[in-house]
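**Q** Before I ask anything, let me first share the structure, which is written out below as C-alpha cells.
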Amino acid sequence: MTDHDEQVSPVGPLVPTGQIPPWMRAVTGNVGAVTDAVLNRGGDRTRWASMLGRNRRAAAVLVLISGSWDEAPDHPGGLPADAEILLTERAATLRQHSGQVAFPGGAMDPGDDYPVGTALREANEETGLTADGVHVVANLPSFPVPVSAFDVIPVLAHWQRPGDVQVMDTAETSRVARVNLRSLLAPESRFQVQRKVMGASAYRGPAFMVDGLLVWGFTGGLIAAISEVSGWDVPWDKSDVRPLEDAIEHAAAGSVASGASDAGSPQTTGFSAVLPEAMRQAVGDPDRGEGGHR
C-alpha cells in the first residue's frame, strides 16, 4: 500500500488525442509500454522493486518536452528538430549526489493535486517554471525507486510556449538546461554505463552525454524508454558499455574544456543517485542522518 492510495492518480492520457502533438501520441496512447521497456532491459528494476516495502512514499517528476506541433518527416517517430527536454543538474559543491542530472520533481506535499500539482510545484521551485504554456498530456505508470521507498509518477507535458527557466537556488542546483532531444538521442551521444562492486555488476543502464551533461540512472532510463516507445530512436551501439566512473570523469573533463562554471563536478555513483533532487532531500543524507522534504 502506498501513501497516495486514497488519491485519484489516473494513468494514461489526460486530454483528448487531438490535443496531443502527433509525435507524442505513440507514448501517450500506450503508457504501459514505457514500463515494459524498462523491465525488458534486465533485472535491475525488478530487484529494486523487491527492495521496497508496502508503505511507499508518493512523488512525481515533470517530463517537460517542447517542440513544434507537426511531425517531422526527416526523423524517426516524427520528432521535430526543435524538440527539447527540461533537465536540472545538482550543484557541484554539495557533499552528496553532486553533479547528478534529473527531471524536476519531488515528494508530494499536503494539499498537492497529485501527481500533476506536485510535478508543477516542484518544477516551479527548482527552475522558476510557470504553468502558463505547459500542457500536461499524460501520467505514466508509477516507478518504484530504491532506498527512498518512493513511488514516482512521471507527468508528461508539452511545453507549448517555452519560457525562461533558471537556477533558483545555487546551493542546490548548478544548472537548468533545455536539451535538444535530437542531440540527446543521436548515436554519438548514447551508450550504457555499468558500475561494479567487488567485480560484480551492481548497476547497468542507458546513458547520454550531451552539452556537458551525463544523464543516467532513473532519468536516463526513463528518457530511453520514452524514446523507444515513441519511435524516436536512431540506431546506436548498445554494445558500448562504459564504466560509470569513467563516464563521470569524461563528463567532468568536458565541462572543464567548455569553461562551464561547475566544471569538474563529481557525481555520486550509488543507487541513491537515481533520485531527483527534491527526493534526495526528503530521504536526507544517510551519512549524517538527515531527512525531511524542504
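In the C-alpha cells, the first chain shown is A, the next is B, and so on; residue numbers restart at 1 for each chain, and ligands run from 1 in the order shown.
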What's the 8 Å shell around stretch 170-175 of chain A, counting only C-alpha atoms, without same-chain residues fewer than 2 positions away, as a ChimeraX atom specification?
**A** /A:88-94,99,126,166-168,177,262
**Q** What does the file look like for those residues with all heavy atoms, as a short mmCIF file (atom, residue, chain, number, x, y, z; two decimals), in the first residue's frame?
**A**
```cif
data_model
loop_
_atom_site.label_atom_id
_atom_site.label_comp_id
_atom_site.auth_asym_id
_atom_site.auth_seq_id
_atom_site.Cartn_x
_atom_site.Cartn_y
_atom_site.Cartn_z
N THR A 88 17.66 19.26 -14.93
CA THR A 88 18.40 20.04 -13.94
C THR A 88 19.67 19.28 -13.54
O THR A 88 19.73 18.06 -13.66
CB THR A 88 17.56 20.29 -12.67
OG1 THR A 88 17.32 19.05 -11.98
CG2 THR A 88 16.22 20.93 -13.02
N GLU A 89 20.65 20.02 -13.06
CA GLU A 89 21.90 19.42 -12.58
C GLU A 89 22.17 19.92 -11.16
O GLU A 89 22.13 21.12 -10.89
CB GLU A 89 23.07 19.77 -13.49
CG GLU A 89 24.36 19.06 -13.10
CD GLU A 89 25.49 19.37 -14.06
OE1 GLU A 89 25.67 20.56 -14.42
OE2 GLU A 89 26.21 18.44 -14.46
N ARG A 90 22.44 18.99 -10.27
CA ARG A 90 22.67 19.31 -8.87
C ARG A 90 24.03 20.01 -8.69
O ARG A 90 24.98 19.74 -9.42
CB ARG A 90 22.62 18.00 -8.07
CG ARG A 90 22.71 18.17 -6.55
CD ARG A 90 22.34 16.84 -5.91
NE ARG A 90 22.79 16.72 -4.52
CZ ARG A 90 22.11 17.19 -3.48
NH1 ARG A 90 20.97 17.81 -3.68
NH2 ARG A 90 22.57 17.01 -2.26
N ALA A 91 24.10 20.89 -7.73
CA ALA A 91 25.30 21.70 -7.51
C ALA A 91 26.52 20.84 -7.22
O ALA A 91 26.44 19.82 -6.53
CB ALA A 91 25.07 22.68 -6.38
N ALA A 92 27.68 21.29 -7.72
CA ALA A 92 28.93 20.56 -7.52
C ALA A 92 29.44 20.68 -6.10
O ALA A 92 30.25 19.87 -5.65
CB ALA A 92 29.99 21.08 -8.49
N THR A 93 28.98 21.70 -5.38
CA THR A 93 29.50 21.96 -4.04
C THR A 93 28.83 21.11 -2.97
O THR A 93 29.29 21.08 -1.82
CB THR A 93 29.30 23.44 -3.67
OG1 THR A 93 27.92 23.79 -3.87
CG2 THR A 93 30.18 24.32 -4.55
N LEU A 94 27.76 20.42 -3.32
CA LEU A 94 27.06 19.62 -2.33
C LEU A 94 27.86 18.38 -1.97
O LEU A 94 28.53 17.77 -2.81
CB LEU A 94 25.68 19.22 -2.86
CG LEU A 94 24.69 20.39 -3.02
CD1 LEU A 94 23.41 19.90 -3.67
CD2 LEU A 94 24.38 21.03 -1.68
N GLY A 99 26.45 16.95 -8.93
CA GLY A 99 26.56 16.80 -10.37
C GLY A 99 25.50 15.96 -11.04
O GLY A 99 25.50 15.84 -12.27
N GLU A 126 12.23 24.65 -8.45
CA GLU A 126 13.60 24.33 -8.86
C GLU A 126 14.09 25.17 -10.03
O GLU A 126 15.27 25.46 -10.14
CB GLU A 126 13.70 22.85 -9.22
CG GLU A 126 13.48 21.91 -8.04
CD GLU A 126 13.48 20.46 -8.45
OE1 GLU A 126 13.95 20.15 -9.57
OE2 GLU A 126 13.03 19.61 -7.66
N GLN A 166 15.52 28.99 -14.94
CA GLN A 166 16.83 29.33 -14.40
C GLN A 166 17.04 28.62 -13.08
O GLN A 166 16.09 28.07 -12.49
CB GLN A 166 16.91 30.85 -14.18
CG GLN A 166 15.86 31.37 -13.21
CD GLN A 166 15.87 32.87 -13.10
OE1 GLN A 166 16.94 33.48 -13.05
NE2 GLN A 166 14.69 33.48 -13.07
N VAL A 167 18.27 28.64 -12.63
CA VAL A 167 18.59 28.10 -11.31
C VAL A 167 17.97 29.02 -10.26
O VAL A 167 18.19 30.23 -10.26
CB VAL A 167 20.12 28.02 -11.12
CG1 VAL A 167 20.46 27.64 -9.68
CG2 VAL A 167 20.72 27.03 -12.10
N MET A 168 17.20 28.43 -9.35
CA MET A 168 16.53 29.21 -8.31
C MET A 168 17.34 29.25 -7.01
O MET A 168 17.20 30.17 -6.22
CB MET A 168 15.14 28.64 -8.05
CG MET A 168 14.24 28.64 -9.27
SD MET A 168 14.02 30.28 -10.00
CE MET A 168 13.02 31.07 -8.74
N ALA A 177 18.72 23.18 -17.76
CA ALA A 177 19.02 23.10 -19.19
C ALA A 177 17.81 22.64 -20.00
O ALA A 177 17.08 21.74 -19.59
CB ALA A 177 20.18 22.14 -19.43
N ASP A 262 30.62 25.06 -13.41
CA ASP A 262 30.61 23.94 -12.48
C ASP A 262 31.53 22.83 -12.95
O ASP A 262 31.32 21.67 -12.67
CB ASP A 262 29.19 23.40 -12.30
CG ASP A 262 28.55 23.00 -13.62
OD1 ASP A 262 29.03 23.47 -14.66
OD2 ASP A 262 27.58 22.22 -13.60
#
```
**Q** Mind checking which residues fall within 6 Å of stretch 154-164 of chain A, counting only C-alpha atoms, ignoring those fewer than 6 positions away in the same chain, and posting them as number ranges by chain?
**A** A: 60-66, 133-140
**Q** With distances taken over only C-alpha atoms, which of A:Asp237, A:Asp82, A:Asn180, A:Pro243 is nearest to A:Gly199?
**A** A:Pro243
**Q** In Å, with one decimal, what is the gap from atom CA of A:Pro104 to atom CA of A:Glu122?
**A**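 Interatomic distance here is 6.2 Å.
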**Q** If DSSP is run on the backbone, what residues of stretch 63-232 of chain A are strand (DSSP E or B)? A reply as JSON, numbers by chain would be ideal.
**A** {"A": [63, 64, 65, 66, 84, 85, 86, 87, 88, 89, 90, 101, 102, 105, 106, 107, 134, 135, 136, 137, 138, 139, 143, 144, 145, 150, 151, 152, 153, 154, 155, 156, 157, 158, 159, 173, 174, 175, 176, 177, 178, 179, 180, 190, 191, 192, 193, 194, 195, 196, 197, 200, 201, 202, 203, 204, 205, 206, 207, 208, 209, 210, 213, 214, 215]}
**Q** Between A:Val229, A:Ala251, A:Ala59, A:Leu87, which has the minimum distance to A:Met108 (counting only C-alpha atoms)?
**A**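 Under the stated criterion, the closest residue is A:Ala59.
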**Q** So which one's closest to A:Tyr203, A:Glu125, A:Asp169, A:Glu228, A:Glu245? Using only C-alpha atoms, please.
**A**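 Among the listed residues, A:Glu245 lies closest to A:Tyr203.
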**Q** Choose the residue, out of A:Asp112, A:Ile153, A:Gln194, A:Leu79, that has the smallest atom-to-atom separation from A:Ser9; count only C-alpha atoms.
**A** A:Ile153
**Q** Show me, as a PyMOL selection string, the residues that have an atom within 10 Å of A:Pro187 when counting only C-alpha atoms, minus same-chain residues fewer than 5 positions from it.
**A** chain A and resi 182+208+233-238
**Q** Looking at only C-alpha atoms, which of A:Ala247, A:Ala119, A:Ala81, A:Val31 is the one that sits closest to A:Leu184?
**A**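 The closest residue to A:Leu184 is A:Ala81.
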**Q** Which of these, A:Gly220, A:Pro73, A:Pro144, A:Gly231, has the shortest distance to A:Pro206 once you count only C-alpha atoms?
**A**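 Among the listed residues, A:Gly220 lies closest to A:Pro206.
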**Q** To one decimal place in Å, what is the distance between atom CA of A:Leu213 and atom CA of A:Gly105?
**A** 18.3 Å
**Q** How far is it from atom CA of A:Pro21 to atom CA of A:Leu129, in Å with one decimal?
**A** 20.9 Å
**Q** Pick out the residues sitting within 10 Å of A:Thr28, and hand them over as a ChimeraX atom specification; count only C-alpha atoms, and ignore anything fewer than 4 positions along from it in its own chain.
**A** /A:11-15,17,20,23-24,32-34,137-140,156,226,229-230
**Q** Write a file of the just-selected residues containing N, CA and C atoms, as a compact mmCIF listing (two decimals), in the first residue's frame.
**A**
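Saved as selection.txt:
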```
# COMPACT_ATOMS: atom_id res chain seq x y z
N VAL A 11 -3.78 6.89 -14.84
CA VAL A 11 -2.64 6.58 -15.68
C VAL A 11 -3.09 6.62 -17.13
N GLY A 12 -2.31 7.28 -17.96
CA GLY A 12 -2.66 7.39 -19.37
C GLY A 12 -2.93 8.81 -19.77
N PRO A 13 -3.51 9.01 -20.96
CA PRO A 13 -3.77 10.37 -21.45
C PRO A 13 -4.73 11.12 -20.53
N LEU A 14 -4.48 12.40 -20.37
CA LEU A 14 -5.34 13.25 -19.55
C LEU A 14 -6.15 14.22 -20.39
N VAL A 15 -5.89 14.23 -21.70
CA VAL A 15 -6.59 15.11 -22.63
C VAL A 15 -6.93 14.31 -23.88
N THR A 17 -6.93 12.97 -27.67
CA THR A 17 -5.78 12.74 -28.57
C THR A 17 -5.49 13.94 -29.45
N ILE A 20 -2.88 16.47 -28.33
CA ILE A 20 -1.51 15.99 -28.10
C ILE A 20 -0.75 16.06 -29.42
N TRP A 23 3.58 13.52 -32.69
CA TRP A 23 4.81 12.78 -32.42
C TRP A 23 4.92 12.32 -30.97
N MET A 24 3.97 12.71 -30.12
CA MET A 24 3.93 12.24 -28.74
C MET A 24 2.81 11.22 -28.51
N GLY A 32 1.75 2.05 -20.77
CA GLY A 32 2.25 0.83 -20.15
C GLY A 32 3.48 0.30 -20.83
N ALA A 33 3.66 0.65 -22.11
CA ALA A 33 4.84 0.18 -22.84
C ALA A 33 6.12 0.79 -22.30
N VAL A 34 6.02 1.95 -21.64
CA VAL A 34 7.21 2.54 -21.03
C VAL A 34 7.72 1.64 -19.91
N VAL A 137 -0.21 16.25 -20.66
CA VAL A 137 -0.90 15.37 -21.58
C VAL A 137 -1.14 13.96 -21.05
N ALA A 138 -0.30 13.49 -20.10
CA ALA A 138 -0.48 12.11 -19.64
C ALA A 138 0.29 11.88 -18.34
N ASN A 139 -0.19 10.92 -17.57
CA ASN A 139 0.57 10.36 -16.46
C ASN A 139 1.09 8.99 -16.88
N LEU A 140 2.37 8.75 -16.67
CA LEU A 140 2.93 7.43 -16.94
C LEU A 140 2.74 6.56 -15.70
N LEU A 156 3.91 13.65 -17.98
CA LEU A 156 4.39 14.04 -19.30
C LEU A 156 3.62 15.27 -19.79
N ILE A 226 10.98 6.19 -22.99
CA ILE A 226 10.04 7.04 -23.71
C ILE A 226 10.41 7.14 -25.18
N VAL A 229 9.50 3.79 -26.99
CA VAL A 229 8.06 3.62 -27.20
C VAL A 229 7.54 4.63 -28.22
N SER A 230 8.11 5.84 -28.23
CA SER A 230 7.66 6.87 -29.16
C SER A 230 8.15 6.65 -30.57
```
